[in-house]
file input.tsv (TSV, C-alpha atoms)
chain	number	residue	atom	x	y	z
A	6	LEU	CA	5.77	-6.49	-51.53
A	7	THR	CA	4.74	-3.38	-49.59
A	8	ARG	CA	7.29	-2.50	-46.90
A	9	LEU	CA	5.81	-2.13	-43.42
A	10	LEU	CA	6.69	1.34	-42.11
A	11	CYS	CA	4.82	1.59	-38.85
A	12	LEU	CA	2.39	-0.29	-36.63
A	13	LEU	CA	-0.08	1.73	-34.55
A	14	VAL	CA	-2.58	-0.37	-32.63
A	15	PHE	CA	-4.93	-0.17	-29.67
A	16	PHE	CA	-5.20	-2.10	-26.40
A	17	TRP	CA	-3.85	-5.69	-26.44
A	18	ARG	CA	-3.67	-5.85	-30.22
A	19	LYS	CA	-0.32	-4.14	-29.71
A	20	ILE	CA	1.12	-7.45	-28.47
A	21	ALA	CA	0.24	-9.09	-31.79
A	22	ALA	CA	1.77	-6.04	-33.47
A	23	ALA	CA	4.92	-6.44	-31.35
A	24	HIS	CA	5.29	-9.95	-32.78
A	25	VAL	CA	4.60	-8.83	-36.36
A	26	CYS	CA	7.26	-6.12	-36.18
A	27	GLY	CA	9.78	-8.51	-34.63
A	28	ALA	CA	9.89	-7.02	-31.10
A	29	LEU	CA	8.56	-10.23	-29.50
A	30	SER	CA	8.78	-13.85	-30.56
A	31	LEU	CA	5.51	-15.78	-30.95
A	32	ARG	CA	6.28	-17.57	-27.67
A	33	ASP	CA	6.81	-14.31	-25.79
A	34	ALA	CA	3.75	-12.61	-27.29
A	35	THR	CA	1.63	-15.62	-26.31
A	36	ALA	CA	3.01	-15.50	-22.77
A	37	VAL	CA	2.13	-11.81	-22.41
A	38	VAL	CA	-1.46	-12.33	-23.58
A	39	PHE	CA	-1.89	-15.45	-21.44
A	40	HIS	CA	-0.68	-13.88	-18.19
A	41	ARG	CA	-2.53	-10.61	-18.75
A	42	SER	CA	-5.78	-12.47	-19.47
A	43	ARG	CA	-5.30	-14.71	-16.44
A	44	LEU	CA	-4.45	-11.92	-14.01
A	45	GLN	CA	-7.01	-9.37	-15.13
A	46	MET	CA	-9.54	-11.34	-13.08
A	47	LEU	CA	-7.90	-9.88	-9.99
A	48	ALA	CA	-9.76	-6.68	-10.92
A	49	SER	CA	-13.09	-8.44	-11.47
A	50	GLY	CA	-15.92	-6.52	-9.84
A	51	SER	CA	-13.96	-3.25	-9.89
A	52	GLY	CA	-16.50	-1.42	-12.05
A	53	ARG	CA	-17.79	-0.88	-15.56
A	54	MET	CA	-16.86	0.89	-18.80
A	55	LEU	CA	-19.11	3.35	-20.62
A	56	VAL	CA	-18.90	4.38	-24.28
A	57	LEU	CA	-19.95	7.97	-25.01
A	58	GLY	CA	-20.53	9.59	-28.39
A	59	LEU	CA	-18.55	12.66	-27.33
A	60	SER	CA	-15.16	14.10	-28.11
A	61	VAL	CA	-12.85	14.46	-25.13
A	62	GLY	CA	-13.29	18.24	-25.41
A	63	ALA	CA	-17.08	18.00	-25.22
A	64	LEU	CA	-16.71	15.55	-22.33
A	65	ASP	CA	-14.50	18.05	-20.47
A	66	GLU	CA	-17.12	20.77	-20.93
A	67	TRP	CA	-19.82	18.50	-19.54
A	68	ARG	CA	-17.64	17.45	-16.62
A	69	ARG	CA	-16.88	21.06	-15.65
A	70	ALA	CA	-20.57	22.01	-15.71
A	71	ALA	CA	-21.84	18.88	-13.93
A	72	PRO	CA	-22.08	18.26	-10.17
A	73	ALA	CA	-18.74	16.96	-8.89
A	74	GLU	CA	-20.23	13.69	-7.68
A	75	LEU	CA	-21.42	12.71	-11.16
A	76	PHE	CA	-17.86	12.15	-12.40
A	77	ALA	CA	-16.29	11.21	-9.06
A	78	ASP	CA	-13.81	8.31	-9.41
A	79	VAL	CA	-14.54	8.05	-13.15
A	80	HIS	CA	-11.60	8.12	-15.55
A	81	VAL	CA	-11.17	8.48	-19.29
A	82	ALA	CA	-10.06	5.02	-20.38
A	83	CYS	CA	-9.83	5.21	-24.18
A	84	LEU	CA	-10.18	7.52	-27.15
A	85	ASN	CA	-11.81	5.39	-29.83
A	86	SER	CA	-12.22	8.22	-32.33
A	87	PRO	CA	-12.44	12.03	-32.37
A	88	SER	CA	-16.08	11.72	-31.32
A	89	ASN	CA	-16.11	8.54	-29.22
A	90	THR	CA	-14.68	8.32	-25.70
A	91	VAL	CA	-14.73	5.48	-23.17
A	92	LEU	CA	-14.95	6.02	-19.40
A	93	ALA	CA	-14.14	3.56	-16.62
A	94	GLY	CA	-15.13	3.64	-12.98
A	95	PRO	CA	-17.42	2.25	-10.29
A	96	ALA	CA	-20.49	0.53	-11.70
A	97	ALA	CA	-22.94	2.88	-9.97
A	98	ARG	CA	-21.14	5.94	-11.36
A	99	CYS	CA	-21.12	4.56	-14.90
A	100	GLU	CA	-24.82	3.72	-14.67
A	101	ALA	CA	-25.60	7.24	-13.41
A	102	LEU	CA	-23.59	8.71	-16.30
A	103	LEU	CA	-25.46	6.46	-18.74
A	104	ALA	CA	-28.77	7.90	-17.56
A	105	ALA	CA	-27.41	11.47	-17.59
A	106	ALA	CA	-26.04	11.05	-21.12
A	107	LYS	CA	-29.38	9.80	-22.40
A	108	GLU	CA	-31.09	12.82	-20.85
A	109	ARG	CA	-28.66	15.00	-22.83
A	110	LYS	CA	-29.45	13.02	-26.02
A	111	VAL	CA	-25.85	11.77	-26.15
A	112	PHE	CA	-25.15	8.26	-27.40
A	113	ALA	CA	-24.09	6.08	-24.45
A	114	SER	CA	-23.66	2.34	-23.95
A	115	LEU	CA	-22.30	0.23	-21.10
A	116	ILE	CA	-19.71	-2.36	-22.11
A	117	THR	CA	-20.44	-5.88	-20.90
A	118	GLY	CA	-18.16	-6.89	-18.04
A	119	SER	CA	-17.22	-6.06	-14.47
A	120	VAL	CA	-13.67	-4.70	-14.86
A	121	ALA	CA	-12.84	-0.98	-15.03
A	122	PHE	CA	-9.98	-1.39	-17.51
A	123	HIS	CA	-7.47	1.44	-18.01
A	124	SER	CA	-8.20	2.97	-14.62
A	125	PRO	CA	-6.58	2.87	-11.15
A	126	ALA	CA	-8.63	-0.27	-10.49
A	127	MET	CA	-6.05	-2.13	-12.59
A	128	GLU	CA	-3.21	-1.35	-10.21
A	129	VAL	CA	-3.90	-4.64	-8.41
A	130	VAL	CA	-2.73	-6.45	-11.56
A	131	GLY	CA	0.61	-4.64	-11.83
A	132	ALA	CA	2.95	-6.49	-9.48
A	133	PRO	CA	1.75	-10.02	-10.30
A	134	LEU	CA	1.76	-9.33	-14.04
A	135	ARG	CA	5.29	-7.97	-14.07
A	136	ALA	CA	6.45	-10.88	-11.88
A	137	ALA	CA	4.82	-13.42	-14.20
A	138	LEU	CA	6.42	-11.82	-17.26
A	139	ARG	CA	9.84	-11.78	-15.59
A	140	ASP	CA	9.41	-15.49	-14.77
A	141	ALA	CA	8.49	-16.08	-18.41
A	142	GLN	CA	11.94	-14.71	-19.31
A	143	LEU	CA	10.83	-12.50	-22.18
A	144	ALA	CA	13.57	-11.82	-24.71
A	145	PRO	CA	12.61	-8.52	-26.39
A	146	ARG	CA	14.27	-7.78	-29.73
A	147	GLU	CA	14.85	-4.69	-31.81
A	148	PRO	CA	11.76	-4.22	-34.06
A	149	HIS	CA	12.33	-4.06	-37.81
A	150	CYS	CA	9.77	-1.23	-38.24
A	151	ALA	CA	8.45	1.60	-36.09
A	152	PHE	CA	6.44	0.39	-33.10
A	153	VAL	CA	4.33	3.27	-31.73
A	154	SER	CA	2.43	3.25	-28.43
A	155	SER	CA	-1.20	4.38	-28.67
A	156	VAL	CA	-0.90	5.49	-25.01
A	157	THR	CA	2.07	7.85	-25.25
A	158	GLY	CA	2.35	8.44	-29.00
A	159	ALA	CA	6.04	7.60	-28.68
A	160	GLN	CA	8.07	5.06	-30.63
A	161	HIS	CA	9.35	2.10	-28.59
A	162	SER	CA	12.20	-0.29	-29.23
A	163	LEU	CA	11.91	-2.45	-26.08
A	164	VAL	CA	8.74	-4.43	-25.37
A	165	ASP	CA	9.53	-5.82	-21.91
A	166	ASP	CA	7.47	-6.45	-18.75
A	167	ALA	CA	7.53	-2.73	-17.87
A	168	TYR	CA	6.18	-1.75	-21.30
A	169	CYS	CA	3.48	-4.43	-21.24
A	170	TRP	CA	2.24	-3.15	-17.88
A	171	ALA	CA	2.43	0.60	-18.48
A	172	ASN	CA	1.12	0.51	-22.06
A	173	GLY	CA	-1.33	-2.36	-21.90
A	174	ALA	CA	-2.95	-3.25	-18.61
A	175	ARG	CA	-2.47	-0.01	-16.74
A	176	ALA	CA	-3.94	2.77	-18.84
A	177	SER	CA	-4.83	4.23	-22.19
A	178	ARG	CA	-5.23	7.66	-20.68
A	179	GLY	CA	-3.19	10.32	-18.93
A	180	ARG	CA	-4.50	12.26	-15.96
A	181	ARG	CA	-8.08	11.84	-14.80
A	182	GLY	CA	-10.56	13.16	-17.31
A	183	ARG	CA	-7.96	14.07	-19.95
A	184	PRO	CA	-6.09	11.40	-21.93
A	185	ARG	CA	-2.79	11.67	-23.71
A	186	SER	CA	-3.25	11.40	-27.44
A	187	GLY	CA	-1.52	11.73	-30.77
A	188	THR	CA	1.56	10.21	-32.30
A	189	ARG	CA	4.74	11.77	-33.55
A	190	HIS	CA	5.54	9.14	-36.19
A	191	ARG	CA	5.03	10.53	-39.70
A	192	ALA	CA	3.58	7.27	-41.09
A	193	ALA	CA	1.15	6.82	-38.19
A	194	ARG	CA	-0.20	10.36	-38.58
A	195	ARG	CA	-1.70	9.33	-41.93
A	196	VAL	CA	-3.72	6.55	-40.30
A	197	ARG	CA	-7.02	6.89	-38.41
A	198	PRO	CA	-7.50	3.64	-36.46
A	199	ALA	CA	-11.12	2.48	-36.06
A	200	VAL	CA	-11.01	-0.12	-33.33
A	201	GLY	CA	-12.79	-0.15	-30.00
A	202	PRO	CA	-14.96	-2.09	-27.57
A	203	ALA	CA	-17.53	-2.88	-30.24
A	204	GLY	CA	-14.88	-4.68	-32.28
A	205	ALA	CA	-12.79	-4.13	-35.35
A	206	GLY	CA	-14.16	-4.34	-38.87
A	207	ARG	CA	-17.15	-2.14	-38.16
A	208	ARG	CA	-18.12	1.36	-39.20
A	209	ARG	CA	-19.40	4.00	-36.80
A	210	ARG	CA	-21.69	6.92	-37.54
A	211	ARG	CA	-20.45	10.24	-36.18
A	212	GLY	CA	-21.46	10.48	-32.51
A	213	GLY	CA	-23.45	7.26	-32.68
A	214	PRO	CA	-23.15	3.49	-32.37
A	215	VAL	CA	-21.11	1.27	-34.61
A	216	ARG	CA	-22.71	-0.51	-37.54
A	217	ARG	CA	-21.58	-3.79	-39.02
A	218	ARG	CA	-20.35	-3.60	-42.60
A	219	ARG	CA	-22.58	-5.30	-45.13

call {"tool": "encode", "arguments": {"input": "input.tsv", "output": "structure tokens"}}
result
Amino acid sequence: LTRLLCLLVFFWRKIAAAHVCGALSLRDATAVVFHRSRLQMLASGSGRMLVLGLSVGALDEWRRAAPAELFADVHVACLNSPSNTVLAGPAARCEALLAAAKERKVFASLITGSVAFHSPAMEVVGAPLRAALRDAQLAPREPHCAFVSSVTGAQHSLVDDAYCWANGARASRGRRGRPRSGTRHRAARRVRPAVGPAGAGRRRRRGGPVRRRR
């Protein structure tokens, strides 16, 4: 059998990964997903998410040259690939950016939903989520392989309520407009994850939309 060296995953798939690597029991992993899914509705109506076929560097150049109001209250939520970035913010701002991106001939697509995930809009979820996970009495365990956060790029050995909030519901980005990225684990550096809002198991053209494998 192949020995598992490292798990590097994105968004809430990391909770399944935490179970696979032994950091959470099946019961605890299920509790985390249940409470996060239940409480995320507290942020319903907070905004939208917008996929752009731009690298974060190209996005920064556009942001610096654009009128300040175009990117006001909009945050980088996710880095899906070196040429695909997701923004989150008020619905009107995301819709304005969608139109502006199309004028620039940049691939852009709004994600279905009314929650601005991985942005300050999720702060309303923090206290109730951590309280629910404490009540669930999670019993984190030492993982039997490297468990690397896609938010910080750091290896973690304790998947508790604080980790689940800071690395799952709260953010997949650093400061506004510029996410943290990269991982220091040698095994993870050989992997290029291809997961994002359009779903796993699909292939994306450079700078363009994803295409289903045939």

call {"tool": "atom_distance", "arguments": {"input": "input.tsv", "atom1": "atom CA of A:Phe39", "atom2": "atom CA of A:Pro145"}}
result
16.8 Å

call {"tool": "residues_around", "arguments": {"input": "input.tsv", "residues": "stretch 27-38 of chain A", "least_positions_apart": "2", "cutoff": "9 Å", "atoms": "all atoms listed in the file", "output": "PyMOL selection string"}}
result
chain A and resi 17+20-25+40-43+134+137-138+141-150+152+162-166+169

call {"tool": "atom_distance", "arguments": {"input": "input.tsv", "atom1": "atom CA of A:Glu108", "atom2": "atom CA of A:Asp65"}}
result
17.4 Å

call {"tool": "atom_distance", "arguments": {"input": "input.tsv", "atom1": "atom CA of A:Ala151", "atom2": "atom CA of A:Ala82"}}
result
24.5 Å

call {"tool": "residues_around", "arguments": {"input": "input.tsv", "residues": "A:Asn89", "least_positions_apart": "4", "cutoff": "7 Å", "atoms": "only C-alpha atoms", "output": "VMD selection string"}}
result
chain A and resid 57 to 60 84 to 85 212

call {"tool": "closest_residue", "arguments": {"input": "input.tsv", "among": "A:Leu102, A:Met54, A:Ala93, A:Ala167", "to": "A:Pro125", "atoms": "only C-alpha atoms"}}
result
A:Ala93

call {"tool": "closest_residue", "arguments": {"input": "input.tsv", "among": "A:Val120, A:Val81, A:Ala106, A:Cys26", "to": "A:Ala48", "atoms": "only C-alpha atoms"}}
result
A:Val120

call {"tool": "closest_residue", "arguments": {"input": "input.tsv", "among": "A:Leu75, A:Ala104, A:Val56, A:Val153", "to": "A:Thr117", "atoms": "only C-alpha atoms"}}
result
A:Val56

call {"tool": "residues_around", "arguments": {"input": "input.tsv", "residues": "A:Gly50", "least_positions_apart": "2", "cutoff": "12 Å", "atoms": "all atoms listed in the file", "output": "CSV table (one decimal) with C-alpha atoms, in the coordinates of the input"}}
result
chain,number,residue,atom,x,y,z
A,45,GLN,CA,-7.0,-9.4,-15.1
A,46,MET,CA,-9.5,-11.3,-13.1
A,47,LEU,CA,-7.9,-9.9,-10.0
A,48,ALA,CA,-9.8,-6.7,-10.9
A,52,GLY,CA,-16.5,-1.4,-12.0
A,53,ARG,CA,-17.8,-0.9,-15.6
A,54,MET,CA,-16.9,0.9,-18.8
A,94,GLY,CA,-15.1,3.6,-13.0
A,95,PRO,CA,-17.4,2.2,-10.3
A,96,ALA,CA,-20.5,0.5,-11.7
A,97,ALA,CA,-22.9,2.9,-10.0
A,117,THR,CA,-20.4,-5.9,-20.9
A,118,GLY,CA,-18.2,-6.9,-18.0
A,119,SER,CA,-17.2,-6.1,-14.5
A,120,VAL,CA,-13.7,-4.7,-14.9
A,121,ALA,CA,-12.8,-1.0,-15.0
A,122,PHE,CA,-10.0,-1.4,-17.5
A,126,ALA,CA,-8.6,-0.3,-10.5
A,127,MET,CA,-6.0,-2.1,-12.6

call {"tool": "decode", "arguments": {"input": "input.tsv", "residues": "stretch 87-134 of chain A", "atoms": "N, CA and C atoms", "output": "PDB file, in the first residue's frame"}}
result
ATOM      1  N   PRO A  87      -3.219  29.258 -10.206  1.00  0.00           N
ATOM      2  CA  PRO A  87      -2.394  30.429 -10.491  1.00  0.00           C
ATOM      3  C   PRO A  87      -3.070  31.467 -11.378  1.00  0.00           C
ATOM      4  N   SER A  88      -4.141  31.094 -12.063  1.00  0.00           N
ATOM      5  CA  SER A  88      -4.814  32.051 -12.942  1.00  0.00           C
ATOM      6  C   SER A  88      -6.315  32.107 -12.697  1.00  0.00           C
ATOM      7  N   ASN A  89      -6.736  31.786 -11.467  1.00  0.00           N
ATOM      8  CA  ASN A  89      -8.156  31.807 -11.139  1.00  0.00           C
ATOM      9  C   ASN A  89      -8.322  32.245  -9.692  1.00  0.00           C
ATOM     10  N   THR A  90      -8.974  33.382  -9.496  1.00  0.00           N
ATOM     11  CA  THR A  90      -9.125  33.979  -8.170  1.00  0.00           C
ATOM     12  C   THR A  90     -10.602  34.227  -7.901  1.00  0.00           C
ATOM     13  N   VAL A  91     -11.018  34.055  -6.650  1.00  0.00           N
ATOM     14  CA  VAL A  91     -12.406  34.277  -6.263  1.00  0.00           C
ATOM     15  C   VAL A  91     -12.486  35.463  -5.311  1.00  0.00           C
ATOM     16  N   LEU A  92     -13.419  36.372  -5.585  1.00  0.00           N
ATOM     17  CA  LEU A  92     -13.672  37.533  -4.735  1.00  0.00           C
ATOM     18  C   LEU A  92     -14.978  37.339  -3.980  1.00  0.00           C
ATOM     19  N   ALA A  93     -15.109  38.031  -2.855  1.00  0.00           N
ATOM     20  CA  ALA A  93     -16.349  38.011  -2.083  1.00  0.00           C
ATOM     21  C   ALA A  93     -16.636  39.415  -1.591  1.00  0.00           C
ATOM     22  N   GLY A  94     -17.915  39.780  -1.604  1.00  0.00           N
ATOM     23  CA  GLY A  94     -18.280  41.113  -1.145  1.00  0.00           C
ATOM     24  C   GLY A  94     -19.748  41.384  -1.370  1.00  0.00           C
ATOM     25  N   PRO A  95     -20.169  42.630  -1.178  1.00  0.00           N
ATOM     26  CA  PRO A  95     -21.576  42.984  -1.395  1.00  0.00           C
ATOM     27  C   PRO A  95     -22.024  42.614  -2.808  1.00  0.00           C
ATOM     28  N   ALA A  96     -23.276  42.201  -2.937  1.00  0.00           N
ATOM     29  CA  ALA A  96     -23.782  41.736  -4.224  1.00  0.00           C
ATOM     30  C   ALA A  96     -23.621  42.788  -5.315  1.00  0.00           C
ATOM     31  N   ALA A  97     -23.942  44.041  -5.003  1.00  0.00           N
ATOM     32  CA  ALA A  97     -23.861  45.102  -6.010  1.00  0.00           C
ATOM     33  C   ALA A  97     -22.430  45.294  -6.495  1.00  0.00           C
ATOM     34  N   ARG A  98     -21.459  45.183  -5.571  1.00  0.00           N
ATOM     35  CA  ARG A  98     -20.051  45.334  -5.957  1.00  0.00           C
ATOM     36  C   ARG A  98     -19.609  44.190  -6.859  1.00  0.00           C
ATOM     37  N   CYS A  99     -20.005  42.979  -6.511  1.00  0.00           N
ATOM     38  CA  CYS A  99     -19.624  41.818  -7.321  1.00  0.00           C
ATOM     39  C   CYS A  99     -20.245  41.892  -8.713  1.00  0.00           C
ATOM     40  N   GLU A 100     -21.486  42.368  -8.788  1.00  0.00           N
ATOM     41  CA  GLU A 100     -22.140  42.506 -10.091  1.00  0.00           C
ATOM     42  C   GLU A 100     -21.459  43.584 -10.930  1.00  0.00           C
ATOM     43  N   ALA A 101     -21.034  44.682 -10.286  1.00  0.00           N
ATOM     44  CA  ALA A 101     -20.313  45.736 -11.005  1.00  0.00           C
ATOM     45  C   ALA A 101     -18.969  45.224 -11.509  1.00  0.00           C
ATOM     46  N   LEU A 102     -18.290  44.413 -10.695  1.00  0.00           N
ATOM     47  CA  LEU A 102     -17.011  43.835 -11.112  1.00  0.00           C
ATOM     48  C   LEU A 102     -17.205  42.826 -12.237  1.00  0.00           C
ATOM     49  N   LEU A 103     -18.300  42.099 -12.215  1.00  0.00           N
ATOM     50  CA  LEU A 103     -18.612  41.164 -13.302  1.00  0.00           C
ATOM     51  C   LEU A 103     -18.699  41.911 -14.626  1.00  0.00           C
ATOM     52  N   ALA A 104     -19.435  43.020 -14.628  1.00  0.00           N
ATOM     53  CA  ALA A 104     -19.578  43.811 -15.848  1.00  0.00           C
ATOM     54  C   ALA A 104     -18.240  44.399 -16.280  1.00  0.00           C
ATOM     55  N   ALA A 105     -17.467  44.895 -15.306  1.00  0.00           N
ATOM     56  CA  ALA A 105     -16.164  45.496 -15.627  1.00  0.00           C
ATOM     57  C   ALA A 105     -15.200  44.457 -16.184  1.00  0.00           C
ATOM     58  N   ALA A 106     -15.235  43.246 -15.624  1.00  0.00           N
ATOM     59  CA  ALA A 106     -14.351  42.181 -16.104  1.00  0.00           C
ATOM     60  C   ALA A 106     -14.701  41.805 -17.541  1.00  0.00           C
ATOM     61  N   LYS A 107     -15.973  41.738 -17.848  1.00  0.00           N
ATOM     62  CA  LYS A 107     -16.380  41.380 -19.207  1.00  0.00           C
ATOM     63  C   LYS A 107     -15.952  42.459 -20.200  1.00  0.00           C
ATOM     64  N   GLU A 108     -15.977  43.719 -19.765  1.00  0.00           N
ATOM     65  CA  GLU A 108     -15.506  44.799 -20.630  1.00  0.00           C
ATOM     66  C   GLU A 108     -14.011  44.645 -20.921  1.00  0.00           C
ATOM     67  N   ARG A 109     -13.274  44.098 -19.953  1.00  0.00           N
ATOM     68  CA  ARG A 109     -11.834  43.892 -20.116  1.00  0.00           C
ATOM     69  C   ARG A 109     -11.511  42.556 -20.783  1.00  0.00           C
ATOM     70  N   LYS A 110     -12.564  41.825 -21.204  1.00  0.00           N
ATOM     71  CA  LYS A 110     -12.408  40.510 -21.838  1.00  0.00           C
ATOM     72  C   LYS A 110     -11.762  39.505 -20.892  1.00  0.00           C
ATOM     73  N   VAL A 111     -12.091  39.619 -19.607  1.00  0.00           N
ATOM     74  CA  VAL A 111     -11.600  38.700 -18.582  1.00  0.00           C
ATOM     75  C   VAL A 111     -12.728  37.744 -18.217  1.00  0.00           C
ATOM     76  N   PHE A 112     -12.428  36.451 -18.151  1.00  0.00           N
ATOM     77  CA  PHE A 112     -13.457  35.501 -17.731  1.00  0.00           C
ATOM     78  C   PHE A 112     -13.949  35.852 -16.339  1.00  0.00           C
ATOM     79  N   ALA A 113     -15.274  35.889 -16.161  1.00  0.00           N
ATOM     80  CA  ALA A 113     -15.866  36.196 -14.854  1.00  0.00           C
ATOM     81  C   ALA A 113     -17.205  35.483 -14.736  1.00  0.00           C
ATOM     82  N   SER A 114     -17.501  34.989 -13.536  1.00  0.00           N
ATOM     83  CA  SER A 114     -18.759  34.288 -13.310  1.00  0.00           C
ATOM     84  C   SER A 114     -19.166  34.419 -11.853  1.00  0.00           C
ATOM     85  N   LEU A 115     -20.422  34.808 -11.620  1.00  0.00           N
ATOM     86  CA  LEU A 115     -20.938  34.868 -10.255  1.00  0.00           C
ATOM     87  C   LEU A 115     -21.290  33.466  -9.777  1.00  0.00           C
ATOM     88  N   ILE A 116     -20.943  33.159  -8.537  1.00  0.00           N
ATOM     89  CA  ILE A 116     -21.283  31.876  -7.938  1.00  0.00           C
ATOM     90  C   ILE A 116     -22.689  31.968  -7.359  1.00  0.00           C
ATOM     91  N   THR A 117     -23.484  30.969  -7.599  1.00  0.00           N
ATOM     92  CA  THR A 117     -24.848  30.947  -7.068  1.00  0.00           C
ATOM     93  C   THR A 117     -24.825  30.994  -5.545  1.00  0.00           C
ATOM     94  N   GLY A 118     -25.662  31.841  -4.965  1.00  0.00           N
ATOM     95  CA  GLY A 118     -25.746  31.926  -3.510  1.00  0.00           C
ATOM     96  C   GLY A 118     -25.804  33.363  -3.047  1.00  0.00           C
ATOM     97  N   SER A 119     -26.014  33.542  -1.757  1.00  0.00           N
ATOM     98  CA  SER A 119     -26.144  34.883  -1.192  1.00  0.00           C
ATOM     99  C   SER A 119     -25.282  35.055   0.050  1.00  0.00           C
ATOM    100  N   VAL A 120     -24.165  34.318   0.115  1.00  0.00           N
ATOM    101  CA  VAL A 120     -23.242  34.417   1.242  1.00  0.00           C
ATOM    102  C   VAL A 120     -21.856  34.775   0.710  1.00  0.00           C
ATOM    103  N   ALA A 121     -21.258  35.810   1.305  1.00  0.00           N
ATOM    104  CA  ALA A 121     -19.897  36.220   0.923  1.00  0.00           C
ATOM    105  C   ALA A 121     -18.902  35.439   1.777  1.00  0.00           C
ATOM    106  N   PHE A 122     -18.710  34.160   1.430  1.00  0.00           N
ATOM    107  CA  PHE A 122     -17.811  33.306   2.200  1.00  0.00           C
ATOM    108  C   PHE A 122     -16.391  33.867   2.202  1.00  0.00           C
ATOM    109  N   HIS A 123     -15.628  33.504   3.229  1.00  0.00           N
ATOM    110  CA  HIS A 123     -14.216  33.885   3.344  1.00  0.00           C
ATOM    111  C   HIS A 123     -14.023  35.398   3.294  1.00  0.00           C
ATOM    112  N   SER A 124     -14.910  36.118   3.937  1.00  0.00           N
ATOM    113  CA  SER A 124     -14.809  37.570   4.008  1.00  0.00           C
ATOM    114  C   SER A 124     -15.261  37.997   5.405  1.00  0.00           C
ATOM    115  N   PRO A 125     -15.108  39.274   5.756  1.00  0.00           N
ATOM    116  CA  PRO A 125     -15.566  39.730   7.087  1.00  0.00           C
ATOM    117  C   PRO A 125     -17.049  39.480   7.347  1.00  0.00           C
ATOM    118  N   ALA A 126     -17.826  39.259   6.290  1.00  0.00           N
ATOM    119  CA  ALA A 126     -19.247  38.963   6.483  1.00  0.00           C
ATOM    120  C   ALA A 126     -19.462  37.696   7.295  1.00  0.00           C
ATOM    121  N   MET A 127     -18.449  36.817   7.342  1.00  0.00           N
ATOM    122  CA  MET A 127     -18.574  35.561   8.072  1.00  0.00           C
ATOM    123  C   MET A 127     -18.313  35.709   9.562  1.00  0.00           C
ATOM    124  N   GLU A 128     -17.896  36.882   9.997  1.00  0.00           N
ATOM    125  CA  GLU A 128     -17.606  37.073  11.420  1.00  0.00           C
ATOM    126  C   GLU A 128     -18.817  36.767  12.300  1.00  0.00           C
ATOM    127  N   VAL A 129     -20.021  36.970  11.762  1.00  0.00           N
ATOM    128  CA  VAL A 129     -21.235  36.716  12.540  1.00  0.00           C
ATOM    129  C   VAL A 129     -21.366  35.247  12.919  1.00  0.00           C
ATOM    130  N   VAL A 130     -20.677  34.378  12.193  1.00  0.00           N
ATOM    131  CA  VAL A 130     -20.752  32.933  12.438  1.00  0.00           C
ATOM    132  C   VAL A 130     -19.789  32.503  13.544  1.00  0.00           C
ATOM    133  N   GLY A 131     -18.746  33.292  13.783  1.00  0.00           N
ATOM    134  CA  GLY A 131     -17.647  32.869  14.638  1.00  0.00           C
ATOM    135  C   GLY A 131     -18.024  32.407  16.026  1.00  0.00           C
ATOM    136  N   ALA A 132     -18.632  33.289  16.815  1.00  0.00           N
ATOM    137  CA  ALA A 132     -18.946  32.952  18.212  1.00  0.00           C
ATOM    138  C   ALA A 132     -19.898  31.770  18.321  1.00  0.00           C
ATOM    139  N   PRO A 133     -21.015  31.757  17.573  1.00  0.00           N
ATOM    140  CA  PRO A 133     -21.910  30.590  17.688  1.00  0.00           C
ATOM    141  C   PRO A 133     -21.295  29.288  17.210  1.00  0.00           C
ATOM    142  N   LEU A 134     -20.436  29.350  16.185  1.00  0.00           N
ATOM    143  CA  LEU A 134     -19.801  28.122  15.700  1.00  0.00           C
ATOM    144  C   LEU A 134     -18.844  27.561  16.740  1.00  0.00           C
TER     145      LEU A 134
END
